[in-house]
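So this block is structure-v8.cif, mmCIF, C-alpha atoms:
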```cif
data_data
#
loop_
_atom_site.label_atom_id
_atom_site.label_comp_id
_atom_site.auth_asym_id
_atom_site.auth_seq_id
_atom_site.Cartn_x
_atom_site.Cartn_y
_atom_site.Cartn_z
CA MET A 1 142.97 204.25 85.15
CA GLU A 2 146.34 204.12 83.39
CA ARG A 3 146.32 203.39 79.68
CA ASN A 4 148.43 200.22 80.00
CA SER A 5 145.74 198.72 82.26
CA TRP A 6 142.83 199.39 79.87
CA THR A 7 140.76 196.47 78.70
CA PRO A 8 140.45 196.06 74.90
CA GLU A 9 136.87 197.34 75.16
CA LEU A 10 137.94 200.48 77.03
CA ALA A 11 140.78 201.10 74.56
CA GLU A 12 138.32 200.81 71.66
CA LEU A 13 135.92 203.24 73.34
CA ARG A 14 138.75 205.72 73.95
CA ALA A 15 139.76 205.51 70.28
CA ILE A 16 136.15 206.21 69.25
CA GLU A 17 136.08 209.21 71.56
CA VAL A 18 139.23 210.65 69.96
CA GLY A 19 137.93 209.87 66.45
CA LEU A 20 134.61 211.62 67.07
CA GLU A 21 136.41 214.65 68.47
CA MET A 22 138.56 214.80 65.34
CA ALA A 23 135.44 214.47 63.15
CA ARG A 24 133.85 217.38 65.02
CA GLU A 25 136.99 219.53 64.64
CA GLU A 26 137.20 218.81 60.91
CA GLY A 27 133.45 219.15 60.29
CA ILE A 28 133.11 215.57 59.03
CA VAL A 29 129.49 214.38 59.00
CA PRO A 30 128.01 211.80 58.67
CA VAL A 31 130.35 209.52 60.63
CA LEU A 32 130.44 205.76 60.32
CA VAL A 33 132.23 203.99 63.19
CA GLU A 34 133.15 200.39 62.50
CA LEU A 35 134.03 198.26 65.52
CA ASP A 36 135.07 194.67 65.98
CA CYS A 37 133.98 194.77 69.63
CA HIS A 38 130.34 193.69 69.65
CA ASN A 39 129.92 194.52 73.37
CA ALA A 40 131.00 198.11 72.74
CA ILE A 41 128.42 198.50 69.97
CA LEU A 42 125.66 197.14 72.20
CA LYS A 43 126.61 199.57 74.96
CA LEU A 44 126.73 202.52 72.56
CA GLN A 45 123.26 201.69 71.22
CA ARG A 46 121.69 201.42 74.69
CA GLN A 47 120.84 204.33 76.92
CA GLU A 48 121.85 202.75 80.22
CA SER A 49 123.81 204.41 82.99
CA SER A 50 126.88 203.16 84.83
CA ARG A 51 129.47 204.75 87.09
CA LEU A 52 132.18 202.39 85.92
CA GLU A 53 134.89 203.75 83.61
CA ILE A 54 133.31 202.03 80.60
CA GLY A 55 129.90 203.52 81.42
CA VAL A 56 131.42 206.99 81.69
CA ARG A 57 133.16 206.60 78.31
CA VAL A 58 129.97 205.30 76.68
CA ARG A 59 127.98 208.31 77.94
CA GLU A 60 130.65 210.73 76.70
CA ILE A 61 130.68 209.06 73.28
CA GLN A 62 126.87 209.12 73.08
CA ASP A 63 126.97 212.85 73.90
CA GLN A 64 129.58 213.43 71.17
CA ALA A 65 127.50 211.44 68.67
CA ASN A 66 124.38 213.47 69.52
CA GLN A 67 126.31 216.71 68.98
CA LEU A 68 127.55 215.53 65.59
CA GLY A 69 124.02 214.56 64.64
CA SER A 70 124.75 211.68 62.28
CA VAL A 71 126.81 208.79 63.67
CA GLU A 72 126.27 205.12 62.84
CA TRP A 73 127.81 202.13 64.62
CA TRP A 74 128.72 199.11 62.49
CA PHE A 75 130.10 195.76 63.53
CA GLY A 76 132.95 194.47 61.39
CA ARG A 77 134.85 191.29 62.03
CA ARG A 78 138.51 191.80 62.81
CA GLU A 79 139.64 189.55 59.97
CA GLY A 80 137.63 191.75 57.59
CA ASN A 81 139.63 194.87 58.40
CA ARG A 82 143.31 194.16 58.95
CA ALA A 83 144.25 197.82 58.67
CA THR A 84 142.11 198.77 61.66
CA HIS A 85 143.46 195.84 63.65
CA ALA A 86 147.05 196.84 62.83
CA MET A 87 146.40 200.46 63.84
CA ALA A 88 145.10 199.24 67.19
CA HIS A 89 148.59 197.93 67.93
CA VAL A 90 150.39 201.16 67.04
CA ARG A 91 151.64 202.91 70.13
CA CYS A 92 149.75 206.17 70.39
CA ASP A 93 150.20 209.15 72.63
CA TRP A 94 146.66 210.09 73.66
CA GLU A 95 147.71 213.57 74.69
CA THR A 96 149.11 214.57 71.29
CA HIS A 97 147.49 212.58 68.50
CA GLU A 98 148.68 212.62 64.95
CA LYS A 99 146.30 213.17 62.07
CA TRP A 100 147.02 210.75 59.29
CA ALA A 101 144.51 212.16 56.79
CA GLU A 102 147.06 214.02 54.68
CA ARG A 103 150.06 211.75 55.14
CA PRO A 104 149.21 208.28 56.42
CA PRO A 105 152.05 206.00 57.53
CA ILE A 106 153.44 203.62 54.90
CA PHE A 107 152.37 200.48 56.82
CA LEU A 108 148.77 201.70 56.67
CA LEU A 109 148.86 202.50 52.96
CA ASP A 110 150.26 199.03 52.25
CA LEU A 111 147.55 197.33 54.32
CA LEU A 112 144.77 199.34 52.71
CA SER A 113 146.14 198.60 49.22
CA ASN A 114 146.28 194.90 49.98
CA GLU A 115 142.73 194.90 51.34
CA ALA A 116 141.45 196.76 48.29
CA LEU A 117 143.12 194.24 45.97
CA ALA A 118 141.63 191.34 47.93
CA HIS A 119 138.08 192.64 47.36
#
```

Step by step, read the file and then write its structure as structure tokens.
Amino acid sequence: MERNSWTPELAELRAIEVGLEMAREEGIVPVLVELDCHNAILKLQRQESSRLEIGVRVREIQDQANQLGSVEWWFGRREGNRATHAMAHVRCDWETHEKWAERPPIFLLDLLSNEALAH
């Protein structure tokens, strides 16, 4: 399935997959994954099988989480995390992802600063 035809749920699952892979590469544990897609959280918490693309992604993510050993899924409302919502709209190249840990983009720093001030 081409990326431009992904559902929001599938795009969120793909982002989690990439994030968990990066956590594994960097040795980051425990991992807290906050989602605003309640259906994705429910699927990740269940141990059901499906041959559909979403089911395949869920199984792969569950396998990654088991390998990491300590992964928690949290539900967060979209309006509670504007930075995450804004990042979801950034055009990403899934083949060559950037790591923003050392030098995050300015738009993200501004959003995070504004969120911190609001709390």

Explicit residue set for the PyMOL selection byres ((chain A and resi 23) around 12), as a list in words: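 Checked against the file, the PyMOL selection byres ((chain A and resi 23) around 12) matches Ile16, Glu17, Val18, Gly19, Leu20, Glu21, Met22, Arg24, Glu25, Glu26, Gly27, Ile28, Val29, Pro30, Val31, Leu32, Val33, Gln64, Ala65, Gln67, Leu68, Gly69, Ser70, Val71, Lys99 and Ala101 of chain A.
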
Shell around Leu109 of chain A at 12 Å using only C-alpha atoms, local window under 4 positions removed, as an MDAnalysis selection string: chainID A and resid 82:84 86:87 100:105 113:116

Computed interatomic separation between atom CA of Phe75 of chain A and atom CA of Glu34 of chain A (Å):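 For atom CA of Phe75 of chain A relative to atom CA of Glu34 of chain A, the distance reads 5.6 Å.
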
Atom pair atom CA of Asp36 of chain A / atom CA of Glu9 of chain A: separation (Å):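 For atom CA of Asp36 of chain A relative to atom CA of Glu9 of chain A, the distance reads 9.7 Å.
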
Residue nearest Leu52 of chain A among A:Ala40, A:Ile106, A:Leu10, A:Arg77 (counting all atoms listed in the file):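 Using all atoms listed in the file, the shortest distance to Leu52 of chain A belongs to A:Leu10.
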
Which of A:Phe107, A:Leu117, A:Leu35, A:Ser50 sits closest to Glu72 of chain A [using all atoms listed in the file]: A:Leu35

Completed segment 105-116 of chain A (all heavy atoms) as a compact mmCIF listing (two decimals), in the frame of the given file:
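Below is the file that was written, out_29.txt:
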```txt
# COMPACT_ATOMS: atom_id res chain seq x y z
N PRO A 105 150.80 206.76 57.49
CA PRO A 105 152.05 206.00 57.53
C PRO A 105 152.07 204.93 56.44
O PRO A 105 151.03 204.41 56.04
CB PRO A 105 152.05 205.37 58.93
CG PRO A 105 150.69 205.54 59.46
CD PRO A 105 149.99 206.59 58.67
N ILE A 106 153.26 204.58 55.99
CA ILE A 106 153.44 203.62 54.90
C ILE A 106 152.78 202.28 55.23
O ILE A 106 152.13 201.68 54.37
CB ILE A 106 154.94 203.43 54.59
CG1 ILE A 106 155.56 204.73 54.11
CG2 ILE A 106 155.16 202.31 53.59
CD1 ILE A 106 154.99 205.25 52.80
N PHE A 107 152.95 201.78 56.48
CA PHE A 107 152.37 200.48 56.82
C PHE A 107 150.86 200.49 56.59
O PHE A 107 150.28 199.50 56.15
CB PHE A 107 152.70 200.07 58.27
CG PHE A 107 151.77 200.63 59.30
CD1 PHE A 107 150.62 199.93 59.67
CD2 PHE A 107 152.03 201.85 59.91
CE1 PHE A 107 149.76 200.44 60.63
CE2 PHE A 107 151.17 202.36 60.86
CZ PHE A 107 150.03 201.66 61.22
N LEU A 108 150.21 201.62 56.85
CA LEU A 108 148.77 201.70 56.67
C LEU A 108 148.39 201.73 55.19
O LEU A 108 147.45 201.06 54.77
CB LEU A 108 148.23 202.94 57.39
CG LEU A 108 146.74 203.17 57.34
CD1 LEU A 108 145.98 201.98 57.90
CD2 LEU A 108 146.38 204.43 58.10
N LEU A 109 149.13 202.47 54.40
CA LEU A 109 148.86 202.50 52.96
C LEU A 109 149.02 201.12 52.34
O LEU A 109 148.20 200.70 51.52
CB LEU A 109 149.81 203.49 52.27
CG LEU A 109 149.59 204.96 52.61
CD1 LEU A 109 150.68 205.81 51.99
CD2 LEU A 109 148.22 205.42 52.16
N ASP A 110 150.06 200.40 52.76
CA ASP A 110 150.26 199.03 52.25
C ASP A 110 149.10 198.12 52.63
O ASP A 110 148.59 197.36 51.78
CB ASP A 110 151.58 198.45 52.79
CG ASP A 110 152.80 199.13 52.19
OD1 ASP A 110 152.66 199.80 51.15
OD2 ASP A 110 153.88 198.98 52.78
N LEU A 111 148.67 198.17 53.88
CA LEU A 111 147.55 197.33 54.32
C LEU A 111 146.27 197.66 53.56
O LEU A 111 145.55 196.76 53.14
CB LEU A 111 147.32 197.49 55.82
CG LEU A 111 148.29 196.75 56.72
CD1 LEU A 111 148.16 197.24 58.16
CD2 LEU A 111 148.05 195.25 56.65
N LEU A 112 145.99 198.94 53.41
CA LEU A 112 144.77 199.34 52.71
C LEU A 112 144.82 198.93 51.24
O LEU A 112 143.82 198.47 50.68
CB LEU A 112 144.56 200.84 52.82
CG LEU A 112 144.19 201.34 54.23
CD1 LEU A 112 144.25 202.86 54.28
CD2 LEU A 112 142.84 200.82 54.66
N SER A 113 145.99 199.04 50.62
CA SER A 113 146.14 198.60 49.22
C SER A 113 145.90 197.11 49.10
O SER A 113 145.20 196.66 48.19
CB SER A 113 147.54 198.93 48.72
OG SER A 113 147.72 200.31 48.65
N ASN A 114 146.47 196.34 50.01
CA ASN A 114 146.28 194.90 49.98
C ASN A 114 144.82 194.51 50.20
O ASN A 114 144.32 193.60 49.56
CB ASN A 114 147.18 194.21 51.01
CG ASN A 114 148.63 194.28 50.63
OD1 ASN A 114 148.98 194.43 49.47
ND2 ASN A 114 149.50 194.19 51.63
N GLU A 115 144.15 195.19 51.11
CA GLU A 115 142.73 194.90 51.34
C GLU A 115 141.89 195.24 50.13
O GLU A 115 140.97 194.52 49.76
CB GLU A 115 142.22 195.65 52.58
CG GLU A 115 142.63 195.02 53.86
CD GLU A 115 141.96 195.64 55.07
OE1 GLU A 115 140.98 196.41 54.90
OE2 GLU A 115 142.41 195.37 56.18
N ALA A 116 142.20 196.37 49.48
CA ALA A 116 141.45 196.76 48.29
C ALA A 116 141.64 195.74 47.16
O ALA A 116 140.68 195.41 46.45
CB ALA A 116 141.88 198.15 47.84
```
